[in-house]
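Containing CSV, C-alpha atoms and all ligand atoms: run37.csv.
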```
chain,number,residue,atom,x,y,z
V,1,MET,CA,0.0,0.0,0.0
V,2,THR,CA,1.4,3.4,-1.0
V,3,LEU,CA,1.7,5.9,1.8
V,4,THR,CA,0.2,9.4,1.5
V,5,LEU,CA,2.3,12.5,1.8
V,6,ASP,CA,1.0,13.1,5.4
V,7,GLU,CA,1.8,9.5,6.3
V,8,VAL,CA,5.4,9.8,4.9
V,9,ARG,CA,5.9,13.1,6.9
V,10,ASP,CA,4.5,11.5,10.1
V,11,ALA,CA,6.8,8.5,9.6
V,12,ILE,CA,9.9,10.7,9.3
V,13,VAL,CA,8.9,12.6,12.4
V,14,ALA,CA,8.3,9.4,14.3
V,15,ARG,CA,11.9,8.3,13.7
V,16,GLU,CA,12.9,11.1,16.2
V,17,ASN,CA,16.2,11.5,14.6
V,18,PRO,CA,17.8,14.4,16.5
V,19,THR,CA,19.6,15.7,13.4
V,20,LEU,CA,16.4,16.2,11.5
V,21,THR,CA,14.6,19.4,12.2
V,22,MET,CA,10.9,20.0,11.4
V,23,ALA,CA,12.0,22.5,8.7
V,24,GLU,CA,14.1,19.9,7.1
V,25,VAL,CA,11.2,17.4,7.2
V,26,GLU,CA,8.9,19.9,5.6
V,27,LEU,CA,11.4,20.8,2.9
V,28,HIS,CA,12.0,17.3,1.8
V,29,ALA,CA,8.8,15.3,2.6
V,30,THR,CA,7.4,15.7,-0.9
V,31,THR,CA,10.5,14.4,-2.5
V,32,VAL,CA,10.8,11.5,-0.1
V,33,HIS,CA,7.1,10.7,-0.7
V,34,ARG,CA,7.5,10.6,-4.5
V,35,ILE,CA,10.7,8.5,-4.3
V,36,LEU,CA,9.0,5.9,-2.0
V,37,GLU,CA,5.9,5.9,-4.3
V,38,LEU,CA,7.9,5.1,-7.4
V,39,LYS,CA,10.2,2.7,-5.5
V,40,GLN,CA,7.2,0.6,-4.6
V,41,GLN,CA,5.4,1.0,-7.9
V,42,HIS,CA,8.4,-0.4,-9.9
V,43,GLY,CA,9.8,-2.8,-7.3
V,44,VAL,CA,13.1,-1.0,-7.1
V,45,VAL,CA,15.6,-1.9,-4.4
V,46,ILE,CA,17.3,1.1,-2.9
V,47,LEU,CA,20.4,0.2,-1.0
V,48,GLY,CA,21.7,2.7,1.6
V,49,HIS,CA,25.2,2.9,3.0
V,50,ASN,CA,25.3,3.9,6.6
V,51,TYR,CA,27.3,7.1,5.7
V,52,MET,CA,24.2,8.5,3.9
V,53,GLU,CA,22.5,11.5,5.4
V,54,PRO,CA,19.4,10.3,7.5
V,55,LEU,CA,16.7,11.3,4.9
V,56,VAL,CA,18.5,9.4,2.1
V,57,TYR,CA,19.3,6.5,4.5
V,58,GLY,CA,15.6,6.3,5.4
V,59,LEU,CA,14.7,5.5,1.8
V,60,SER,CA,16.0,2.0,2.4
V,61,GLU,CA,14.3,-0.7,4.5
V,62,LYS,CA,16.4,-2.1,7.4
V,63,ILE,CA,17.4,-5.0,5.2
V,64,GLU,CA,18.6,-2.6,2.5
V,65,GLN,CA,20.9,-0.7,4.9
V,66,GLY,CA,24.5,-1.5,5.9
V,67,ASP,CA,28.1,-1.4,4.9
V,68,SER,CA,29.4,-1.7,1.3
V,69,LEU,CA,30.0,-5.4,1.1
V,70,GLY,CA,26.8,-6.4,3.0
V,71,LEU,CA,24.8,-4.2,0.6
V,72,SER,CA,26.4,-5.8,-2.4
V,73,ARG,CA,25.5,-9.2,-1.1
V,74,SER,CA,21.9,-8.0,-0.6
V,75,ALA,CA,22.0,-6.8,-4.3
V,76,ALA,CA,23.0,-10.3,-5.4
V,77,GLU,CA,20.1,-11.9,-3.5
V,78,THR,CA,17.3,-9.7,-4.7
V,79,GLU,CA,15.1,-10.5,-7.6
V,80,ALA,CA,14.7,-6.8,-8.5
V,81,GLU,CA,15.7,-5.7,-11.9
V,82,PHE,CA,16.7,-2.2,-10.8
V,83,ILE,CA,19.0,-1.5,-7.9
V,84,ILE,CA,19.7,2.1,-6.8
V,85,PHE,CA,22.9,2.1,-4.8
V,86,ASN,CA,23.1,5.1,-2.4
V,87,GLY,CA,26.8,5.0,-1.7
V,88,VAL,CA,29.9,5.8,-3.7
V,89,ARG,CA,30.9,4.4,-7.1
V,90,PHE,CA,33.2,1.6,-6.1
V,91,MET,CA,30.4,0.2,-3.9
V,92,ALA,CA,27.9,0.3,-6.8
V,93,GLU,CA,30.6,-1.4,-9.0
V,94,THR,CA,30.9,-4.2,-6.4
V,95,ALA,CA,27.2,-4.7,-6.5
V,96,LYS,CA,27.4,-4.9,-10.3
V,97,ILE,CA,30.2,-7.4,-10.1
V,98,LEU,CA,28.2,-9.6,-7.9
V,99,SER,CA,25.0,-9.1,-9.9
V,100,PRO,CA,26.0,-8.6,-13.5
V,101,GLU,CA,22.6,-9.4,-14.9
V,102,LYS,CA,21.0,-6.5,-12.9
V,103,ARG,CA,20.8,-2.9,-13.6
V,104,VAL,CA,22.8,-1.1,-10.9
V,105,LEU,CA,22.2,2.7,-10.8
V,106,ILE,CA,24.0,5.4,-8.8
V,107,ALA,CA,22.6,9.0,-8.4
V,108,ASP,CA,26.0,10.5,-9.1
V,109,ARG,CA,28.7,8.6,-10.9
V,110,GLU,CA,31.3,11.2,-9.8
V,111,ALA,CA,30.9,10.0,-6.2
V,112,GLY,CA,34.4,8.9,-5.7
V,113,CYS,CA,36.6,7.9,-2.8
V,114,SER,CA,40.1,9.1,-1.9
V,115,LEU,CA,41.2,5.4,-1.5
V,116,ALA,CA,39.8,4.1,-4.8
V,117,ASP,CA,40.6,7.3,-6.8
V,118,ASN,CA,44.3,7.3,-5.9
V,119,PHE,CA,45.3,3.7,-6.5
V,120,GLY,CA,44.4,1.9,-9.7
V,121,ALA,CA,45.3,-1.1,-11.7
V,122,THR,CA,48.7,0.4,-12.8
V,123,GLU,CA,49.7,0.9,-9.2
V,124,VAL,CA,48.7,-2.7,-8.3
V,125,ARG,CA,50.8,-4.0,-11.2
V,126,GLN,CA,53.8,-1.9,-10.1
V,127,ILE,CA,53.9,-3.1,-6.5
V,128,ARG,CA,53.2,-6.7,-7.6
V,129,ALA,CA,56.2,-6.5,-10.0
V,130,ALA,CA,58.4,-5.3,-7.1
V,131,HIS,CA,57.5,-8.3,-5.0
V,132,PRO,CA,57.1,-11.3,-7.4
V,133,GLY,CA,55.2,-14.3,-6.1
V,134,VAL,CA,53.7,-12.5,-3.1
V,135,PRO,CA,49.9,-12.6,-2.9
V,136,VAL,CA,48.1,-9.3,-3.3
V,137,MET,CA,45.2,-8.4,-1.0
V,138,ILE,CA,43.1,-5.4,-1.9
V,139,TYR,CA,40.6,-3.5,0.3
V,140,VAL,CA,37.1,-3.5,-1.2
V,141,ASN,CA,37.3,0.3,-1.3
V,142,SER,CA,38.8,0.1,-4.8
V,143,TYR,CA,37.6,0.1,-8.4
V,144,ALA,CA,36.9,-3.0,-10.4
V,145,GLU,CA,40.0,-2.6,-12.6
V,146,ALA,CA,42.2,-2.5,-9.6
V,147,LYS,CA,40.5,-5.5,-8.0
V,148,ALA,CA,40.9,-7.4,-11.2
V,149,GLU,CA,44.7,-7.3,-10.7
V,150,CYS,CA,44.6,-8.8,-7.2
V,151,ASP,CA,44.4,-12.3,-5.7
V,152,VAL,CA,41.9,-11.6,-2.9
V,153,CYS,CA,39.8,-8.8,-1.5
V,154,CYS,CA,39.2,-7.9,2.1
V,155,THR,CA,37.0,-5.7,4.3
V,156,SER,CA,38.1,-4.0,7.5
V,157,ALA,CA,36.2,-6.7,9.4
V,158,ASN,CA,37.9,-9.7,7.8
V,159,ALA,CA,41.4,-8.4,6.7
V,160,ALA,CA,43.4,-10.2,9.5
V,161,HIS,CA,41.6,-13.4,9.0
V,162,ILE,CA,42.0,-13.4,5.2
V,163,ALA,CA,45.7,-12.4,5.5
V,164,MET,CA,46.3,-15.4,7.8
V,165,ALA,CA,44.5,-17.7,5.4
V,166,LEU,CA,46.8,-16.8,2.5
V,167,PRO,CA,49.8,-19.0,1.7
V,168,GLY,CA,53.3,-17.9,2.7
V,169,ASP,CA,54.6,-15.6,5.4
V,170,GLU,CA,54.1,-12.3,3.6
V,171,LEU,CA,51.5,-10.5,1.6
V,172,ILE,CA,51.0,-7.2,-0.2
V,173,PHE,CA,48.2,-5.0,1.0
V,174,VAL,CA,46.8,-2.1,-1.0
V,175,PRO,CA,45.8,0.8,-1.1
V,176,ASP,CA,45.1,2.2,2.4
V,177,LEU,CA,48.3,3.1,4.3
V,178,PHE,CA,46.8,3.4,7.7
V,179,PHE,CA,44.8,0.2,7.2
V,180,ALA,CA,48.1,-1.4,6.2
V,181,GLN,CA,49.9,-0.2,9.3
V,182,ASN,CA,47.0,-1.3,11.5
V,183,LEU,CA,47.1,-4.7,9.9
V,184,GLU,CA,50.8,-4.9,10.3
V,185,GLU,CA,50.4,-4.3,14.0
V,186,GLU,CA,47.8,-7.0,14.3
V,187,LEU,CA,49.8,-9.6,12.3
V,188,GLN,CA,53.1,-8.8,14.0
V,189,GLY,CA,55.1,-12.0,14.5
V,190,HIS,CA,52.8,-14.0,12.1
V,191,LYS,CA,53.0,-12.3,8.7
V,192,ARG,CA,54.9,-9.6,7.0
V,193,VAL,CA,52.7,-6.9,5.4
V,194,ILE,CA,54.1,-5.2,2.4
V,195,TYR,CA,52.4,-2.0,1.4
V,196,PRO,CA,53.0,1.1,-0.8
V,197,GLY,CA,55.4,3.7,0.4
V,198,GLN,CA,58.0,1.4,1.9
V,199,GLY,CA,60.6,2.3,-0.7
V,200,ASN,CA,58.9,0.2,-3.4
V,201,GLY,CA,57.9,3.1,-5.5
V,202,GLY,CA,54.2,3.2,-4.6
V,203,HIS,CA,52.5,6.0,-2.8
V,204,GLY,CA,49.3,4.3,-1.5
V,205,ALA,CA,46.3,6.3,-0.4
V,206,VAL,CA,44.4,7.2,2.8
V,207,CYS,CA,40.8,7.8,3.6
V,208,GLU,CA,40.4,11.6,3.5
V,209,VAL,CA,37.7,11.3,6.2
V,210,HIS,CA,39.4,9.1,8.8
V,211,GLU,CA,42.8,10.6,8.4
V,212,GLN,CA,41.3,13.8,9.9
V,213,PHE,CA,41.2,12.3,13.4
V,214,THR,CA,44.5,12.9,15.3
V,215,LEU,CA,45.6,11.6,18.6
V,216,ASP,CA,45.1,15.1,20.1
V,217,ASP,CA,41.5,15.2,18.8
V,218,ILE,CA,40.7,11.9,20.3
V,219,ARG,CA,42.2,12.9,23.7
V,220,ALA,CA,40.3,16.2,23.6
V,221,VAL,CA,37.1,14.2,23.0
V,222,ARG,CA,37.8,11.9,25.9
V,223,ASN,CA,38.3,15.0,28.2
V,224,GLY,CA,35.5,17.2,26.7
V,225,PHE,CA,32.9,14.5,26.6
V,226,ASP,CA,34.1,12.8,29.7
V,227,ILE,CA,34.8,9.3,28.3
V,228,PRO,CA,37.8,8.1,30.4
V,229,PRO,CA,39.6,5.0,29.1
V,230,GLY,CA,38.1,1.8,30.4
V,231,HIS,CA,34.9,3.5,31.7
V,232,PRO,CA,32.1,0.9,32.3
V,233,THR,CA,29.4,2.7,30.3
V,234,ARG,CA,31.2,5.2,28.1
V,235,ARG,CA,33.0,4.1,25.0
V,236,LEU,CA,35.2,5.7,22.4
V,237,TYR,CA,35.0,4.0,19.0
V,238,VAL,CA,37.5,4.3,16.2
V,239,HIS,CA,37.2,3.2,12.6
V,240,TRP,CA,39.9,0.9,11.3
V,241,GLU,CA,40.9,3.4,8.6
V,242,CYS,CA,42.2,5.8,11.2
V,243,ARG,CA,45.8,6.3,12.1
V,244,PRO,CA,47.5,3.6,14.2
V,245,GLU,CA,48.0,5.9,17.2
V,246,VAL,CA,44.3,6.8,17.1
V,247,LEU,CA,43.3,3.1,17.1
V,248,ARG,CA,45.5,2.5,20.1
V,249,GLU,CA,43.5,5.1,22.0
V,250,ALA,CA,40.1,3.5,21.3
V,251,ASP,CA,38.0,1.5,23.7
V,252,PHE,CA,36.9,-0.4,20.6
V,253,TYR,CA,38.1,-0.3,17.0
V,254,GLY,CA,36.8,-2.0,13.9
V,255,SER,CA,34.7,-1.7,10.7
V,256,THR,CA,31.5,0.3,10.5
V,257,THR,CA,29.4,-2.9,11.1
V,258,GLN,CA,31.6,-4.1,13.9
V,259,ILE,CA,31.2,-0.8,15.7
V,260,SER,CA,27.4,-0.8,15.2
V,261,ASN,CA,27.3,-4.4,16.5
V,262,ASP,CA,29.3,-3.6,19.6
V,263,ILE,CA,27.0,-0.6,20.3
V,264,ALA,CA,24.0,-2.9,19.9
V,265,GLN,CA,25.4,-5.5,22.3
V,266,HIS,CA,26.2,-2.9,25.0
V,267,VAL,CA,22.8,-1.3,24.6
V,268,ALA,CA,21.1,-4.7,25.0
V,269,ALA,CA,23.2,-5.3,28.1
V,270,GLY,CA,22.3,-1.9,29.5
V,271,SER,CA,26.0,-0.9,29.6
V,272,LEU,CA,26.3,2.1,27.2
V,273,GLU,CA,25.2,5.6,28.1
V,274,ARG,CA,27.6,7.7,26.1
V,275,ALA,CA,29.7,7.1,22.9
V,276,PHE,CA,31.8,9.0,20.4
V,277,ILE,CA,32.7,7.4,17.0
V,278,ALA,CA,35.8,8.6,15.2
V,279,SER,CA,34.3,8.1,11.7
V,280,GLU,CA,32.1,9.7,9.1
V,281,CYS,CA,29.6,12.0,10.9
V,282,GLU,CA,26.4,10.7,9.3
V,283,LEU,CA,27.2,7.2,10.7
V,284,THR,CA,26.7,8.8,14.1
V,285,SER,CA,23.5,10.6,12.9
V,286,ASN,CA,22.0,7.2,11.8
V,287,LEU,CA,23.1,5.5,15.0
V,288,MET,CA,21.5,8.2,17.1
V,289,GLU,CA,18.2,7.2,15.6
V,290,GLU,CA,18.8,3.5,16.0
V,291,PHE,CA,20.0,3.8,19.6
V,292,PRO,CA,18.1,6.7,21.2
V,293,THR,CA,19.1,5.8,24.8
V,294,VAL,CA,22.8,6.5,24.0
V,295,GLN,CA,24.2,10.0,24.2
V,296,PHE,CA,26.4,10.5,21.1
V,297,TRP,CA,28.7,13.3,20.2
V,298,THR,CA,29.1,13.9,16.6
V,299,ALA,CA,31.7,15.8,14.5
V,300,CYS,CA,29.7,16.9,11.5
V,301,SER,CA,32.7,18.7,9.9
V,302,VAL,CA,34.0,15.2,9.3
V,303,ARG,CA,31.8,14.4,6.3
V,304,CYS,CA,32.8,12.4,3.2
V,305,SER,CA,32.4,14.8,0.3
V,306,HIS,CA,31.9,11.9,-2.0
V,307,MET,CA,29.1,10.3,0.0
V,308,ALA,CA,27.5,13.8,0.3
V,309,ARG,CA,27.0,13.9,-3.5
V,310,ILE,CA,24.2,11.4,-3.1
V,311,THR,CA,21.1,13.5,-2.4
V,312,LEU,CA,17.3,13.1,-2.6
V,313,GLU,CA,17.2,15.6,-5.5
V,314,LYS,CA,19.6,13.4,-7.5
V,315,ILE,CA,17.8,10.1,-6.6
V,316,LEU,CA,14.3,11.2,-7.7
V,317,PRO,CA,15.2,11.7,-11.4
V,318,ILE,CA,16.4,8.0,-11.6
V,319,LEU,CA,13.0,6.8,-10.5
V,320,GLU,CA,11.2,9.2,-12.8
V,321,ALA,CA,13.3,7.9,-15.7
V,322,ILE,CA,12.4,4.3,-14.8
V,323,ASP,CA,8.8,5.4,-14.6
V,324,ALA,CA,8.9,7.0,-18.0
V,325,GLY,CA,10.9,4.2,-19.6
V,326,ASP,CA,13.7,6.7,-20.4
V,327,ASP,CA,17.3,6.0,-21.0
V,328,LEU,CA,19.2,5.3,-17.7
V,329,GLN,CA,22.7,5.5,-19.1
V,330,GLN,CA,23.8,8.6,-17.0
V,331,TRP,CA,23.3,6.6,-13.8
V,332,GLU,CA,24.0,3.1,-14.8
V,333,VAL,CA,27.1,1.2,-13.7
V,334,ASP,CA,28.5,-0.3,-16.8
V,335,LEU,CA,31.6,-2.5,-16.6
V,336,PRO,CA,33.2,-4.6,-19.4
V,337,PRO,CA,32.3,-8.3,-19.0
V,338,LYS,CA,36.1,-9.2,-18.8
V,339,VAL,CA,36.6,-6.8,-15.9
V,340,ILE,CA,33.5,-8.1,-14.1
V,341,GLU,CA,34.9,-11.6,-14.5
V,342,ALA,CA,38.4,-10.7,-13.3
V,343,ALA,CA,37.2,-8.6,-10.4
V,344,ALA,CA,34.7,-11.3,-9.3
V,345,ALA,CA,37.5,-13.8,-8.6
V,346,PRO,CA,39.2,-12.0,-5.7
V,347,ILE,CA,35.8,-11.1,-4.2
V,348,GLN,CA,34.8,-14.8,-4.5
V,349,ARG,CA,38.0,-15.9,-2.9
V,350,MET,CA,37.5,-13.5,0.0
V,351,MET,CA,34.0,-15.0,0.6
V,352,GLU,CA,35.4,-18.5,0.5
V,353,LEU,CA,38.2,-17.7,2.9
V,354,SER,CA,35.8,-15.9,5.2
V,355,ALA,CA,33.4,-18.8,5.2
V,356,ALA,CA,36.2,-21.2,6.1
V,357,SER,CA,36.7,-19.5,9.5
V,401,LIG,S1,34.6,7.8,3.9
V,401,LIG,FE1,36.7,7.5,3.1
V,401,LIG,S2,36.8,5.4,2.4
V,401,LIG,FE2,34.6,5.9,2.6
V,401,LIG,S3,34.1,6.7,0.5
V,401,LIG,FE3,34.7,8.5,1.8
V,401,LIG,S4,36.9,8.8,1.2
V,401,LIG,FE4,36.3,6.7,0.6
```

Show me, as structure tokens, the structure contained in the file I just sent.
Ligand code: SF4
Amino acid sequence: MTLTLDEVRDAIVARENPTLTMAEVELHATTVHRILELKQQHGVVILGHNYMEPLVYGLSEKIEQGDSLGLSRSAAETEAEFIIFNGVRFMAETAKILSPEKRVLIADREAGCSLADNFGATEVRQIRAAHPGVPVMIYVNSYAEAKAECDVCCTSANAAHIAMALPGDELIFVPDLFFAQNLEEELQGHKRVIYPGQGNGGHGAVCEVHEQFTLDDIRAVRNGFDIPPGHPTRRLYVHWECRPEVLREADFYGSTTQISNDIAQHVAAGSLERAFIASECELTSNLMEEFPTVQFWTACSVRCSHMARITLEKILPILEAIDAGDDLQQWEVDLPPKVIEAAAAPIQRMMELSAAS
């Protein structure tokens, strides 16, 4: 049953997201209503990454929300012909690789990523040539052409496990330098991690969002928001893409999903009253809605400019074009079949090695 405009407005208000003002709800309710109406009418799946702003995130059902790999798996499982991926381009590409027969659409194909944009297939080939015979593991935050040159993919949640499952006592990890250093610390004494910038000619890349958090910032948050280390009900969370010294200061570090799960577990146990998350600010905005009993601080200057390109105003025209039977080329993720095939192999290997745990 299609909701009326008033019902859509009421549903947004009922979410009680503290970052959504009444003015914002009024301004955008009509667009949200039209998007949801067309979504339902045409059976479109709208996947929402948890760094989307709350009104965009709310276009997705709970099962359509999550992190990049989880969403791509959802894309592979759906029967829908059209998938709108509200995230950045490398994520939509991963969905396409896992569902080549489906039409994967993204509201702005220029939505990039400082990791994926700064390390491509050429850089992978260079570092591989410098270390012949060493397996190459690539973070899923990369484009299909770069994945296609690698042996296995990983996420921030499964990197250490996948690395340990690879043959030999060393591996190449690309492209995230902080991620590589964090992995190096975790695998110390077990595996050698080779990464760009160690005199092997490569320069690597960092996440322009997570690199913003410094040790001084994190200590200032601990003092200002009164989250002492080891406090029983106050926790400081740090994303795995942050600097190693920032990770060491955390009460908990991990992927977006691991952080969300840890919050959920502590909320269920009644042991979380206050939290700060060193990550993209809209993640906190969405968690505020999901866990209203927790007092969150958010740093909304720390916004991913690439994620911010995905707006309600850019999503609606896709659905209107589907409705009108118009050409979808400007939004469609289109990869050559050879690239899809080559990039699918390292993703598949990651899934096999993850399942073997
Ligand atoms: S938050 Fe960082 S890793 Fe994620 S899309 Fe933005 S730049 Fe890339």

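With all atoms listed in the file as the atoms that count, the minimum distance from Thr298 (chain V) to the choices V:Gln258, V:Asn50, V:Pro18, V:Leu59 is reached by V:Pro18.
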
Could you name the residues that touch Met351 (chain V) at 12 Å or less, counting all atoms listed in the file, but leaving out those on the same chain fewer than 2 positions away, as a ChimeraX atom specification?
/V:69-70,73,98,152-155,158-159,161-162,165,344-349,353-357

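Taking CA of Asp151 (chain V) and CA of Trp331 (chain V) as endpoints, the distance between them is 29.5 Å.
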
Within 12 Å of (36.9, 11.7, 21.6) (file coordinates; only C-alpha atoms), which protein or nucleic acid residues are there? I'd like them as a PyMOL selection string.
chain V and resi 213-229+234-238+246-247+249-251+274-279+296-299

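Of the listed residues V:Glu110, V:Glu186, V:Glu81, V:Glu341, the one whose atoms come nearest to ligand LIG 401 (chain V) is V:Glu110, with distances taken using only C-alpha atoms and all ligand atoms.
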
By how many Å are CA of Ala321 (chain V) and CA of Leu105 (chain V) apart?
11.4 Å

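Between CA of Ala148 (chain V) and CA of Gly168 (chain V) the separation is 21.4 Å.
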
Using all atoms listed in the file, which residues of the polymer chains come no farther than 8 Å from ligand LIG 401 (chain V)? I'd like the answer as a PDB file with C-alpha atoms, keeping the file's coordinate frame.
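In the end it all went to selection_22.pdb:
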```
ATOM      1  CA  TYR V  51      27.300   7.100   5.700  1.00  0.00           C
ATOM      2  CA  GLY V  87      26.800   5.000  -1.700  1.00  0.00           C
ATOM      3  CA  VAL V  88      29.900   5.800  -3.700  1.00  0.00           C
ATOM      4  CA  GLY V 112      34.400   8.900  -5.700  1.00  0.00           C
ATOM      5  CA  CYS V 113      36.600   7.900  -2.800  1.00  0.00           C
ATOM      6  CA  SER V 114      40.100   9.100  -1.900  1.00  0.00           C
ATOM      7  CA  LEU V 115      41.200   5.400  -1.500  1.00  0.00           C
ATOM      8  CA  ALA V 116      39.800   4.100  -4.800  1.00  0.00           C
ATOM      9  CA  ASN V 141      37.300   0.300  -1.300  1.00  0.00           C
ATOM     10  CA  VAL V 206      44.400   7.200   2.800  1.00  0.00           C
ATOM     11  CA  CYS V 207      40.800   7.800   3.600  1.00  0.00           C
ATOM     12  CA  GLU V 208      40.400  11.600   3.500  1.00  0.00           C
ATOM     13  CA  VAL V 209      37.700  11.300   6.200  1.00  0.00           C
ATOM     14  CA  HIS V 210      39.400   9.100   8.800  1.00  0.00           C
ATOM     15  CA  GLU V 241      40.900   3.400   8.600  1.00  0.00           C
ATOM     16  CA  SER V 279      34.300   8.100  11.700  1.00  0.00           C
ATOM     17  CA  GLU V 280      32.100   9.700   9.100  1.00  0.00           C
ATOM     18  CA  ARG V 303      31.800  14.400   6.300  1.00  0.00           C
ATOM     19  CA  CYS V 304      32.800  12.400   3.200  1.00  0.00           C
ATOM     20  CA  SER V 305      32.400  14.800   0.300  1.00  0.00           C
ATOM     21  CA  HIS V 306      31.900  11.900  -2.000  1.00  0.00           C
ATOM     22  CA  MET V 307      29.100  10.300   0.000  1.00  0.00           C
TER      23      MET V 307
END
```

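Candidate residues V:Ala342, V:Met350, V:Val193, V:Ile127 were compared for distance to Tyr139 (chain V), and the nearest is V:Met350, using all atoms listed in the file.
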
Fewer than 3 positions away in the same chain doesn't count, so skip those; otherwise give me all residues within 6 Å of Leu272 (chain V), counting all atoms listed in the file, as a PyMOL selection string.
chain V and resi 233-234+266-267

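Close contacts of Glu289 (chain V), defined as residues with an atom at most 7 Å away when counting all atoms listed in the file, with chain neighbours fewer than 3 positions off set aside, comprise V:Arg15, V:Glu16, V:Asn17, V:Ser285, V:Asn286, V:Pro292.
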
What's around Leu71 (chain V) at 8 Å? Count only C-alpha atoms, leave out sequence neighbours fewer than 4 positions away in its own chain, and write the answer as a list in words.
Leu47, Gly48, His49, Glu64, Gln65, Gly66, Asp67, Ala75 and Ala95 of chain V

Per residue of region 189-261 of chain V within 7 Å of region 171-180 of chain V, record the nearest atom pair and its distance in Å to one decimal, counting only C-alpha atoms, with rows in chain order and ascending residue number, as CSV.
```
residue,atom,partner,partner_atom,distance
V:Arg192,CA,V:Leu171,CA,6.4
V:Val193,CA,V:Leu171,CA,5.4
V:Ile194,CA,V:Ile172,CA,4.5
V:Tyr195,CA,V:Phe173,CA,5.2
V:Pro196,CA,V:Val174,CA,7.0
V:Gly204,CA,V:Pro175,CA,5.0
V:Ala205,CA,V:Asp176,CA,5.1
V:Val206,CA,V:Asp176,CA,5.1
V:Trp240,CA,V:Phe179,CA,6.4
V:Glu241,CA,V:Phe179,CA,5.2
V:Cys242,CA,V:Phe178,CA,6.3
V:Arg243,CA,V:Phe178,CA,5.4
V:Pro244,CA,V:Phe178,CA,6.5
```
